[in-house]
$ cat structure_20.pdb   # PDB, C-alpha atoms, pLDDT in the B column
ATOM      1  CA  MET A1477      18.595  17.414   8.213  1.00 66.00           C
ATOM      2  CA  LEU A1478      19.444  13.944   6.853  1.00 81.00           C
ATOM      3  CA  LYS A1479      15.769  13.000   6.464  1.00 86.00           C
ATOM      4  CA  GLU A1480      15.031  16.121   4.376  1.00 89.00           C
ATOM      5  CA  LYS A1481      18.027  15.414   2.150  1.00 90.00           C
ATOM      6  CA  VAL A1482      16.923  11.799   1.618  1.00 90.00           C
ATOM      7  CA  GLU A1483      13.347  12.948   0.890  1.00 91.00           C
ATOM      8  CA  LYS A1484      14.599  15.309  -1.836  1.00 92.00           C
ATOM      9  CA  LEU A1485      16.790  12.605  -3.371  1.00 91.00           C
ATOM     10  CA  ALA A1486      13.902  10.129  -3.304  1.00 91.00           C
ATOM     11  CA  GLU A1487      11.514  12.661  -4.890  1.00 92.00           C
ATOM     12  CA  LYS A1488      13.959  13.104  -7.753  1.00 92.00           C
ATOM     13  CA  VAL A1489      14.097   9.336  -8.325  1.00 92.00           C
ATOM     14  CA  PHE A1490      10.287   9.076  -8.302  1.00 93.00           C
ATOM     15  CA  GLU A1491       9.992  11.963 -10.781  1.00 93.00           C
ATOM     16  CA  GLU A1492      12.184   9.982 -13.174  1.00 92.00           C
ATOM     17  CA  ASN A1493      10.329   6.700 -12.471  1.00 90.00           C
ATOM     18  CA  LYS A1494       6.660   7.666 -12.317  1.00 92.00           C
ATOM     19  CA  SER A1495       5.395   4.120 -11.629  1.00 92.00           C
ATOM     20  CA  LEU A1496       7.243   3.992  -8.280  1.00 93.00           C
ATOM     21  CA  PHE A1497       6.126   5.814  -5.142  1.00 93.00           C
ATOM     22  CA  LEU A1498       7.175   6.155  -1.511  1.00 93.00           C
ATOM     23  CA  ILE A1499       5.152   4.491   1.229  1.00 93.00           C
ATOM     24  CA  SER A1500       7.335   5.469   4.172  1.00 92.00           C
ATOM     25  CA  LEU A1501      10.695   6.988   5.037  1.00 93.00           C
ATOM     26  CA  ASP A1502      12.199   6.613   8.499  1.00 93.00           C
ATOM     27  CA  VAL A1503      15.496   7.909   9.808  1.00 91.00           C
ATOM     28  CA  ASN A1504      16.305   7.022  13.419  1.00 91.00           C
ATOM     29  CA  ASP A1505      18.804   8.584  15.843  1.00 89.00           C
ATOM     30  CA  ASN A1506      21.602   6.298  14.596  1.00 89.00           C
ATOM     31  CA  ASN A1507      21.068   7.475  10.984  1.00 88.00           C
ATOM     32  CA  ASN A1508      19.547   4.165   9.939  1.00 93.00           C
ATOM     33  CA  ILE A1509      17.519   5.117   6.864  1.00 93.00           C
ATOM     34  CA  LYS A1510      14.645   2.882   5.750  1.00 94.00           C
ATOM     35  CA  LEU A1511      12.575   3.548   2.633  1.00 94.00           C
ATOM     36  CA  VAL A1512       9.551   1.425   1.752  1.00 93.00           C
ATOM     37  CA  LEU A1513       8.477   1.630  -1.900  1.00 94.00           C
ATOM     38  CA  ASP A1514       5.556   0.482  -3.955  1.00 93.00           C
ATOM     39  CA  GLY A1515       4.851   0.668  -7.646  1.00 92.00           C
ATOM     40  CA  ASP A1516       1.896   0.684  -9.987  1.00 90.00           C
ATOM     41  CA  GLU A1517       3.323  -2.436 -11.661  1.00 88.00           C
ATOM     42  CA  GLY A1518       4.985  -3.789  -8.511  1.00 88.00           C
ATOM     43  CA  VAL A1519       8.562  -3.278  -7.323  1.00 91.00           C
ATOM     44  CA  SER A1520      11.489  -5.341  -8.573  1.00 92.00           C
ATOM     45  CA  VAL A1521      14.832  -5.934  -6.890  1.00 94.00           C
ATOM     46  CA  ASN A1522      16.355  -3.737  -9.603  1.00 94.00           C
ATOM     47  CA  ASP A1523      13.980  -0.903  -8.635  1.00 93.00           C
ATOM     48  CA  CYS A1524      15.169  -1.133  -5.016  1.00 94.00           C
ATOM     49  CA  ILE A1525      18.821  -1.197  -6.148  1.00 94.00           C
ATOM     50  CA  MET A1526      18.280   1.819  -8.415  1.00 94.00           C
ATOM     51  CA  VAL A1527      16.647   3.864  -5.621  1.00 94.00           C
ATOM     52  CA  SER A1528      19.315   2.800  -3.134  1.00 94.00           C
ATOM     53  CA  ARG A1529      22.152   3.821  -5.448  1.00 93.00           C
ATOM     54  CA  ALA A1530      20.527   7.134  -6.333  1.00 92.00           C
ATOM     55  CA  ILE A1531      20.344   8.028  -2.644  1.00 92.00           C
ATOM     56  CA  GLU A1532      23.587   6.493  -1.416  1.00 92.00           C
ATOM     57  CA  HIS A1533      25.741   8.039  -4.166  1.00 91.00           C
ATOM     58  CA  ASN A1534      24.442  11.501  -3.239  1.00 90.00           C
ATOM     59  CA  LEU A1535      25.130  11.271   0.489  1.00 87.00           C
ATOM     60  CA  ASP A1536      28.576  11.795   1.982  1.00 85.00           C
ATOM     61  CA  ARG A1537      29.619   9.160   4.542  1.00 82.00           C
ATOM     62  CA  ASP A1538      32.431  11.462   5.704  1.00 81.00           C
ATOM     63  CA  GLU A1539      29.828  14.061   6.600  1.00 83.00           C
ATOM     64  CA  GLU A1540      27.413  11.658   8.346  1.00 81.00           C
ATOM     65  CA  ASP A1541      27.673   7.917   8.836  1.00 88.00           C
ATOM     66  CA  PHE A1542      24.454   6.105   7.871  1.00 90.00           C
ATOM     67  CA  SER A1543      22.957   2.783   6.879  1.00 92.00           C
ATOM     68  CA  LEU A1544      20.412   2.584   4.072  1.00 93.00           C
ATOM     69  CA  GLU A1545      17.686   0.001   3.530  1.00 94.00           C
ATOM     70  CA  VAL A1546      15.333   0.171   0.540  1.00 94.00           C
ATOM     71  CA  THR A1547      12.508  -2.387   0.464  1.00 93.00           C
ATOM     72  CA  SER A1548       9.222  -2.957  -1.296  1.00 91.00           C
ATOM     73  CA  ALA A1549       5.923  -2.967   0.556  1.00 87.00           C
ATOM     74  CA  GLY A1550       5.440  -6.568   1.654  1.00 83.00           C
ATOM     75  CA  VAL A1551       2.489  -8.620   0.558  1.00 80.00           C
ATOM     76  CA  SER A1552       1.309  -8.864   4.165  1.00 82.00           C
ATOM     77  CA  GLU A1553       1.573  -5.116   4.767  1.00 88.00           C
ATOM     78  CA  PRO A1554      -1.649  -3.114   5.031  1.00 93.00           C
ATOM     79  CA  LEU A1555      -2.556  -0.710   2.237  1.00 94.00           C
ATOM     80  CA  SER A1556      -1.950   2.867   3.305  1.00 91.00           C
ATOM     81  CA  MET A1557      -2.436   5.097   0.243  1.00 92.00           C
ATOM     82  CA  ALA A1558      -5.205   5.608  -2.311  1.00 93.00           C
ATOM     83  CA  ARG A1559      -2.688   4.782  -5.054  1.00 94.00           C
ATOM     84  CA  GLN A1560      -2.176   1.313  -3.526  1.00 94.00           C
ATOM     85  CA  TYR A1561      -5.926   0.664  -3.555  1.00 95.00           C
ATOM     86  CA  LYS A1562      -6.181   1.758  -7.190  1.00 94.00           C
ATOM     87  CA  LYS A1563      -3.469  -0.666  -8.293  1.00 92.00           C
ATOM     88  CA  ASN A1564      -5.266  -3.529  -6.502  1.00 94.00           C
ATOM     89  CA  ILE A1565      -8.678  -3.128  -8.171  1.00 95.00           C
ATOM     90  CA  GLY A1566     -10.035  -6.577  -8.966  1.00 95.00           C
ATOM     91  CA  ARG A1567      -8.248  -8.281  -6.068  1.00 94.00           C
ATOM     92  CA  LYS A1568      -9.761  -9.593  -2.839  1.00 96.00           C
ATOM     93  CA  LEU A1569      -9.273  -7.432   0.260  1.00 96.00           C
ATOM     94  CA  LYS A1570      -9.823  -7.896   3.970  1.00 96.00           C
ATOM     95  CA  VAL A1571     -10.957  -4.532   5.322  1.00 96.00           C
ATOM     96  CA  THR A1572     -11.459  -3.656   8.982  1.00 96.00           C
ATOM     97  CA  THR A1573     -13.467  -0.645  10.120  1.00 95.00           C
ATOM     98  CA  ALA A1574     -14.396   0.359  13.669  1.00 93.00           C
ATOM     99  CA  GLN A1575     -17.830  -1.237  13.192  1.00 93.00           C
ATOM    100  CA  GLU A1576     -17.249  -4.273  10.978  1.00 95.00           C
ATOM    101  CA  LYS A1577     -14.900  -6.490   8.983  1.00 96.00           C
ATOM    102  CA  TYR A1578     -15.408  -7.010   5.263  1.00 96.00           C
ATOM    103  CA  GLU A1579     -13.904  -9.424   2.790  1.00 96.00           C
ATOM    104  CA  GLY A1580     -14.625  -8.834  -0.857  1.00 96.00           C
ATOM    105  CA  THR A1581     -13.421  -7.837  -4.275  1.00 97.00           C
ATOM    106  CA  LEU A1582     -12.171  -4.283  -4.668  1.00 97.00           C
ATOM    107  CA  ASP A1583     -14.353  -2.964  -7.515  1.00 97.00           C
ATOM    108  CA  GLU A1584     -13.546   0.732  -7.377  1.00 96.00           C
ATOM    109  CA  ALA A1585     -11.071   3.067  -5.713  1.00 96.00           C
ATOM    110  CA  ASN A1586     -10.740   6.824  -6.024  1.00 95.00           C
ATOM    111  CA  ASP A1587      -9.074   9.496  -3.908  1.00 94.00           C
ATOM    112  CA  GLU A1588     -11.837   9.451  -1.249  1.00 95.00           C
ATOM    113  CA  GLN A1589     -13.285   5.935  -0.990  1.00 96.00           C
ATOM    114  CA  ILE A1590     -13.381   2.309  -2.117  1.00 97.00           C
ATOM    115  CA  LYS A1591     -16.169  -0.050  -3.171  1.00 97.00           C
ATOM    116  CA  LEU A1592     -16.101  -3.732  -2.181  1.00 97.00           C
ATOM    117  CA  SER A1593     -18.450  -6.456  -3.396  1.00 97.00           C
ATOM    118  CA  TRP A1594     -19.013 -10.062  -2.343  1.00 96.00           C
ATOM    119  CA  LYS A1595     -21.615 -12.831  -2.406  1.00 96.00           C
ATOM    120  CA  ALA A1596     -23.382 -13.924   0.769  1.00 93.00           C
ATOM    121  CA  ARG A1597     -25.848 -16.672   1.672  1.00 93.00           C
ATOM    122  CA  GLU A1598     -28.983 -15.343   3.379  1.00 92.00           C
ATOM    123  CA  PRO A1599     -32.302 -16.864   4.433  1.00 91.00           C
ATOM    124  CA  LYS A1600     -35.009 -16.685   1.779  1.00 90.00           C
ATOM    125  CA  PRO A1601     -37.527 -13.884   2.373  1.00 87.00           C
ATOM    126  CA  VAL A1602     -40.341 -16.464   2.126  1.00 87.00           C
ATOM    127  CA  GLY A1603     -40.023 -20.165   2.894  1.00 86.00           C
ATOM    128  CA  LYS A1604     -37.128 -22.289   3.995  1.00 89.00           C
ATOM    129  CA  GLY A1605     -33.584 -22.369   2.697  1.00 91.00           C
ATOM    130  CA  LYS A1606     -31.050 -19.800   1.669  1.00 93.00           C
ATOM    131  CA  ILE A1607     -30.299 -17.752  -1.417  1.00 93.00           C
ATOM    132  CA  THR A1608     -27.078 -16.190  -2.660  1.00 93.00           C
ATOM    133  CA  VAL A1609     -27.193 -12.404  -2.791  1.00 94.00           C
ATOM    134  CA  GLN A1610     -24.711  -9.871  -4.117  1.00 96.00           C
ATOM    135  CA  LYS A1611     -23.573  -7.384  -1.472  1.00 95.00           C
ATOM    136  CA  GLU A1612     -21.512  -4.244  -1.760  1.00 96.00           C
ATOM    137  CA  VAL A1613     -20.273  -1.485   0.497  1.00 96.00           C
ATOM    138  CA  VAL A1614     -18.677   1.896  -0.131  1.00 96.00           C
ATOM    139  CA  LEU A1615     -16.097   2.851   2.483  1.00 97.00           C
ATOM    140  CA  PRO A1616     -14.391   6.231   2.825  1.00 96.00           C
ATOM    141  CA  TYR A1617     -10.667   5.913   3.597  1.00 96.00           C
ATOM    142  CA  SER A1618     -11.292   7.709   6.896  1.00 95.00           C
ATOM    143  CA  ASP A1619     -13.400   4.720   8.081  1.00 95.00           C
ATOM    144  CA  ILE A1620     -10.789   2.085   7.207  1.00 96.00           C
ATOM    145  CA  LEU A1621      -8.612   0.992  10.111  1.00 96.00           C
ATOM    146  CA  GLU A1622      -6.744  -1.647   8.090  1.00 96.00           C
ATOM    147  CA  ALA A1623      -6.945  -3.154   4.615  1.00 96.00           C
ATOM    148  CA  LYS A1624      -4.865  -6.035   3.326  1.00 95.00           C
ATOM    149  CA  VAL A1625      -4.796  -7.849   0.017  1.00 94.00           C
ATOM    150  CA  LYS A1626      -5.958 -11.414   0.545  1.00 93.00           C
ATOM    151  CA  ILE A1627      -3.551 -13.854  -1.039  1.00 87.00           C
ATOM    152  CA  THR A1628      -5.118 -16.997  -2.479  1.00 80.00           C
ATOM    153  CA  PHE A1629      -3.255 -20.016  -3.766  1.00 79.00           C
TER     154      PHE A1629
END

$ encode --input "structure_20.pdb" --output "structure tokens"
Amino acid sequence: MLKEKVEKLAEKVFEENKSLFLISLDVNDNNNIKLVLDGDEGVSVNDCIMVSRAIEHNLDRDEEDFSLEVTSAGVSEPLSMARQYKKNIGRKLKVTTAQEKYEGTLDEANDEQIKLSWKAREPKPVGKGKITVQKEVVLPYSDILEAKVKITF
């Protein structure tokens, strides 16, 4: 009951703020509500405050006691939605599939798959030494076990 009410309130907020979107919503047995947000241009503290107020002001504490936590998707959190991949085009990702691990630049992302590219050193086809070759792979979301943005300083 409480989760459905929070979902409807959150949907209304996201309709008014199209750049924000919901990653996850959890309500446990103690009515601890946790929303994790992301945004096409990132999520500010003010975005979290705005979402929190929009939900909290429309719930009645006399009816049900609850705690509410609204956070942004952390930088170390794995990507979980196609929309998150799309906003990270051009950034380096670490992607794990059942068969292999990849680390490369996210070149493309659509609703079904992503395309990563990277440079690798390989032995020359003839003679000694190595050459640098451009590699790329197309991965359907269904093959991706985990994908994280690689932070470089």

$ resolve_selection --input "structure_20.pdb" --expression "the PyMOL selection byres ((chain A and resi 1576) around 12)" --output "number ranges by chain"
A: 1570-1575, 1577-1579, 1613, 1615, 1619-1622

$ closest_residue --input "structure_20.pdb" --among "A:Lys1568, A:Lys1595, A:His1533, A:Lys1563" --to "Glu1612 of chain A" --atoms "all atoms listed in the file"
A:Lys1595

$ atom_distance --input "structure_20.pdb" --atom1 "atom CA of Pro1616 of chain A" --atom2 "atom CA of Leu1582 of chain A"
13.1 Å

$ atom_distance --input "structure_20.pdb" --atom1 "atom CA of Asp1541 of chain A" --atom2 "atom CA of Phe1497 of chain A"
25.8 Å

$ closest_residue --input "structure_20.pdb" --among "A:Leu1485, A:Ile1565, A:Ile1590, A:Ala1549" --to "Met1526 of chain A" --atoms "all atoms listed in the file"
A:Leu1485

$ resolve_selection --input "structure_20.pdb" --expression "the PyMOL selection byres ((chain A and resi 1511) around 8)" --output "PyMOL selection string"
chain A and resi 1498-1502+1509-1510+1512-1513+1545-1547

$ resolve_selection --input "structure_20.pdb" --expression "the PyMOL selection byres ((chain A and resi 1489) around 12)" --output "VMD selection string"
chain A and resid 1482 to 1488 1490 to 1498 1513 1523 to 1531 1534

$ write_last_selection --input "structure_20.pdb" --atoms "C-alpha atoms" --output "PDB file, keeping the file's coordinate frame"
ATOM      1  CA  VAL A1482      16.923  11.799   1.618  1.00 90.00           C
ATOM      2  CA  GLU A1483      13.347  12.948   0.890  1.00 91.00           C
ATOM      3  CA  LYS A1484      14.599  15.309  -1.836  1.00 92.00           C
ATOM      4  CA  LEU A1485      16.790  12.605  -3.371  1.00 91.00           C
ATOM      5  CA  ALA A1486      13.902  10.129  -3.304  1.00 91.00           C
ATOM      6  CA  GLU A1487      11.514  12.661  -4.890  1.00 92.00           C
ATOM      7  CA  LYS A1488      13.959  13.104  -7.753  1.00 92.00           C
ATOM      8  CA  PHE A1490      10.287   9.076  -8.302  1.00 93.00           C
ATOM      9  CA  GLU A1491       9.992  11.963 -10.781  1.00 93.00           C
ATOM     10  CA  GLU A1492      12.184   9.982 -13.174  1.00 92.00           C
ATOM     11  CA  ASN A1493      10.329   6.700 -12.471  1.00 90.00           C
ATOM     12  CA  LYS A1494       6.660   7.666 -12.317  1.00 92.00           C
ATOM     13  CA  SER A1495       5.395   4.120 -11.629  1.00 92.00           C
ATOM     14  CA  LEU A1496       7.243   3.992  -8.280  1.00 93.00           C
ATOM     15  CA  PHE A1497       6.126   5.814  -5.142  1.00 93.00           C
ATOM     16  CA  LEU A1498       7.175   6.155  -1.511  1.00 93.00           C
ATOM     17  CA  LEU A1513       8.477   1.630  -1.900  1.00 94.00           C
ATOM     18  CA  ASP A1523      13.980  -0.903  -8.635  1.00 93.00           C
ATOM     19  CA  CYS A1524      15.169  -1.133  -5.016  1.00 94.00           C
ATOM     20  CA  ILE A1525      18.821  -1.197  -6.148  1.00 94.00           C
ATOM     21  CA  MET A1526      18.280   1.819  -8.415  1.00 94.00           C
ATOM     22  CA  VAL A1527      16.647   3.864  -5.621  1.00 94.00           C
ATOM     23  CA  SER A1528      19.315   2.800  -3.134  1.00 94.00           C
ATOM     24  CA  ARG A1529      22.152   3.821  -5.448  1.00 93.00           C
ATOM     25  CA  ALA A1530      20.527   7.134  -6.333  1.00 92.00           C
ATOM     26  CA  ILE A1531      20.344   8.028  -2.644  1.00 92.00           C
ATOM     27  CA  ASN A1534      24.442  11.501  -3.239  1.00 90.00           C
TER      28      ASN A1534
END

$ atom_distance --input "structure_20.pdb" --atom1 "atom CA of Arg1559 of chain A" --atom2 "atom CA of Ser1618 of chain A"
15.0 Å

$ decode --input "structure_20.pdb" --residues "segment 1518-1560 of chain A" --atoms "N, CA and C atoms" --output "tab-separated table (two decimals), in the first residue's frame"
chain	number	residue	atom	x	y	z
A	1518	GLY	N	22.87	14.52	-14.30
A	1518	GLY	CA	23.30	14.29	-12.93
A	1518	GLY	C	22.19	14.64	-11.96
A	1519	VAL	N	22.45	14.46	-10.67
A	1519	VAL	CA	21.47	14.72	-9.63
A	1519	VAL	C	22.13	15.63	-8.59
A	1520	SER	N	21.49	16.75	-8.31
A	1520	SER	CA	22.02	17.66	-7.30
A	1520	SER	C	21.36	17.39	-5.96
A	1521	VAL	N	21.93	17.98	-4.91
A	1521	VAL	CA	21.33	17.88	-3.58
A	1521	VAL	C	19.92	18.49	-3.62
A	1522	ASN	N	19.77	19.59	-4.35
A	1522	ASN	CA	18.46	20.23	-4.46
A	1522	ASN	C	17.43	19.32	-5.13
A	1523	ASP	N	17.87	18.51	-6.09
A	1523	ASP	CA	16.96	17.54	-6.73
A	1523	ASP	C	16.46	16.53	-5.70
A	1524	CYS	N	17.38	16.03	-4.87
A	1524	CYS	CA	17.01	15.06	-3.83
A	1524	CYS	C	16.05	15.70	-2.83
A	1525	ILE	N	16.32	16.94	-2.44
A	1525	ILE	CA	15.46	17.65	-1.49
A	1525	ILE	C	14.07	17.83	-2.09
A	1526	MET	N	14.01	18.24	-3.36
A	1526	MET	CA	12.74	18.47	-4.03
A	1526	MET	C	11.90	17.19	-4.10
A	1527	VAL	N	12.52	16.07	-4.44
A	1527	VAL	CA	11.82	14.79	-4.52
A	1527	VAL	C	11.36	14.37	-3.12
A	1528	SER	N	12.23	14.52	-2.15
A	1528	SER	CA	11.91	14.16	-0.77
A	1528	SER	C	10.70	14.95	-0.27
A	1529	ARG	N	10.72	16.25	-0.49
A	1529	ARG	CA	9.60	17.09	-0.03
A	1529	ARG	C	8.30	16.74	-0.74
A	1530	ALA	N	8.39	16.50	-2.04
A	1530	ALA	CA	7.19	16.17	-2.81
A	1530	ALA	C	6.53	14.89	-2.29
A	1531	ILE	N	7.33	13.95	-1.84
A	1531	ILE	CA	6.79	12.70	-1.32
A	1531	ILE	C	6.35	12.87	0.13
A	1532	GLU	N	7.24	13.42	0.94
A	1532	GLU	CA	6.95	13.53	2.37
A	1532	GLU	C	5.72	14.37	2.67
A	1533	HIS	N	5.55	15.48	1.94
A	1533	HIS	CA	4.41	16.37	2.18
A	1533	HIS	C	3.07	15.76	1.75
A	1534	ASN	N	3.12	14.66	1.01
A	1534	ASN	CA	1.90	14.01	0.55
A	1534	ASN	C	1.62	12.69	1.26
A	1535	LEU	N	2.40	12.40	2.29
A	1535	LEU	CA	2.16	11.22	3.11
A	1535	LEU	C	1.78	11.68	4.51
A	1536	ASP	N	0.90	10.94	5.14
A	1536	ASP	CA	0.40	11.32	6.46
A	1536	ASP	C	1.08	10.45	7.53
A	1537	ARG	N	1.90	11.09	8.37
A	1537	ARG	CA	2.59	10.36	9.44
A	1537	ARG	C	1.62	9.83	10.50
A	1538	ASP	N	0.45	10.45	10.62
A	1538	ASP	CA	-0.55	9.95	11.57
A	1538	ASP	C	-1.15	8.64	11.09
A	1539	GLU	N	-1.20	8.51	9.76
A	1539	GLU	CA	-1.75	7.29	9.15
A	1539	GLU	C	-0.74	6.15	9.26
A	1540	GLU	N	0.51	6.42	8.83
A	1540	GLU	CA	1.59	5.43	8.88
A	1540	GLU	C	2.89	6.15	9.20
A	1541	ASP	N	3.61	5.64	10.19
A	1541	ASP	CA	4.91	6.21	10.50
A	1541	ASP	C	5.91	5.68	9.46
A	1542	PHE	N	6.84	6.54	9.02
A	1542	PHE	CA	7.80	6.13	8.00
A	1542	PHE	C	9.07	6.96	8.13
A	1543	SER	N	10.13	6.46	7.52
A	1543	SER	CA	11.34	7.26	7.33
A	1543	SER	C	11.58	7.29	5.82
A	1544	LEU	N	12.12	8.40	5.35
A	1544	LEU	CA	12.31	8.58	3.90
A	1544	LEU	C	13.74	8.98	3.62
A	1545	GLU	N	14.36	8.27	2.69
A	1545	GLU	CA	15.72	8.58	2.25
A	1545	GLU	C	15.70	8.69	0.73
A	1546	VAL	N	16.18	9.82	0.22
A	1546	VAL	CA	16.27	10.03	-1.22
A	1546	VAL	C	17.74	10.29	-1.54
A	1547	THR	N	18.33	9.45	-2.38
A	1547	THR	CA	19.75	9.58	-2.72
A	1547	THR	C	19.93	9.51	-4.23
A	1548	SER	N	21.11	9.94	-4.66
A	1548	SER	CA	21.46	9.79	-6.07
A	1548	SER	C	22.23	8.49	-6.24
A	1549	ALA	N	22.23	7.98	-7.45
A	1549	ALA	CA	23.00	6.77	-7.74
A	1549	ALA	C	24.47	7.11	-7.56
A	1550	GLY	N	25.16	6.37	-6.72
A	1550	GLY	CA	26.56	6.65	-6.43
A	1550	GLY	C	27.46	6.37	-7.63
A	1551	VAL	N	28.60	7.02	-7.62
A	1551	VAL	CA	29.54	6.87	-8.72
A	1551	VAL	C	30.07	5.44	-8.81
A	1552	SER	N	30.08	4.72	-7.70
A	1552	SER	CA	30.58	3.35	-7.71
A	1552	SER	C	29.47	2.32	-7.97
A	1553	GLU	N	28.24	2.79	-8.11
A	1553	GLU	CA	27.13	1.88	-8.35
A	1553	GLU	C	27.11	1.41	-9.81
A	1554	PRO	N	26.76	0.15	-10.02
A	1554	PRO	CA	26.67	-0.34	-11.40
A	1554	PRO	C	25.52	0.32	-12.16
A	1555	LEU	N	25.68	0.43	-13.47
A	1555	LEU	CA	24.61	0.94	-14.32
A	1555	LEU	C	23.54	-0.13	-14.42
A	1556	SER	N	22.28	0.28	-14.39
A	1556	SER	CA	21.21	-0.72	-14.39
A	1556	SER	C	20.14	-0.48	-15.45
A	1557	MET	N	20.15	0.70	-16.08
A	1557	MET	CA	19.11	1.03	-17.06
A	1557	MET	C	19.74	1.55	-18.35
A	1558	ALA	N	19.07	1.33	-19.47
A	1558	ALA	CA	19.56	1.83	-20.75
A	1558	ALA	C	19.78	3.34	-20.70
A	1559	ARG	N	18.91	4.04	-20.00
A	1559	ARG	CA	19.02	5.51	-19.91
A	1559	ARG	C	20.33	5.92	-19.24
A	1560	GLN	N	20.81	5.14	-18.28
A	1560	GLN	CA	22.09	5.43	-17.64
A	1560	GLN	C	23.25	5.23	-18.61
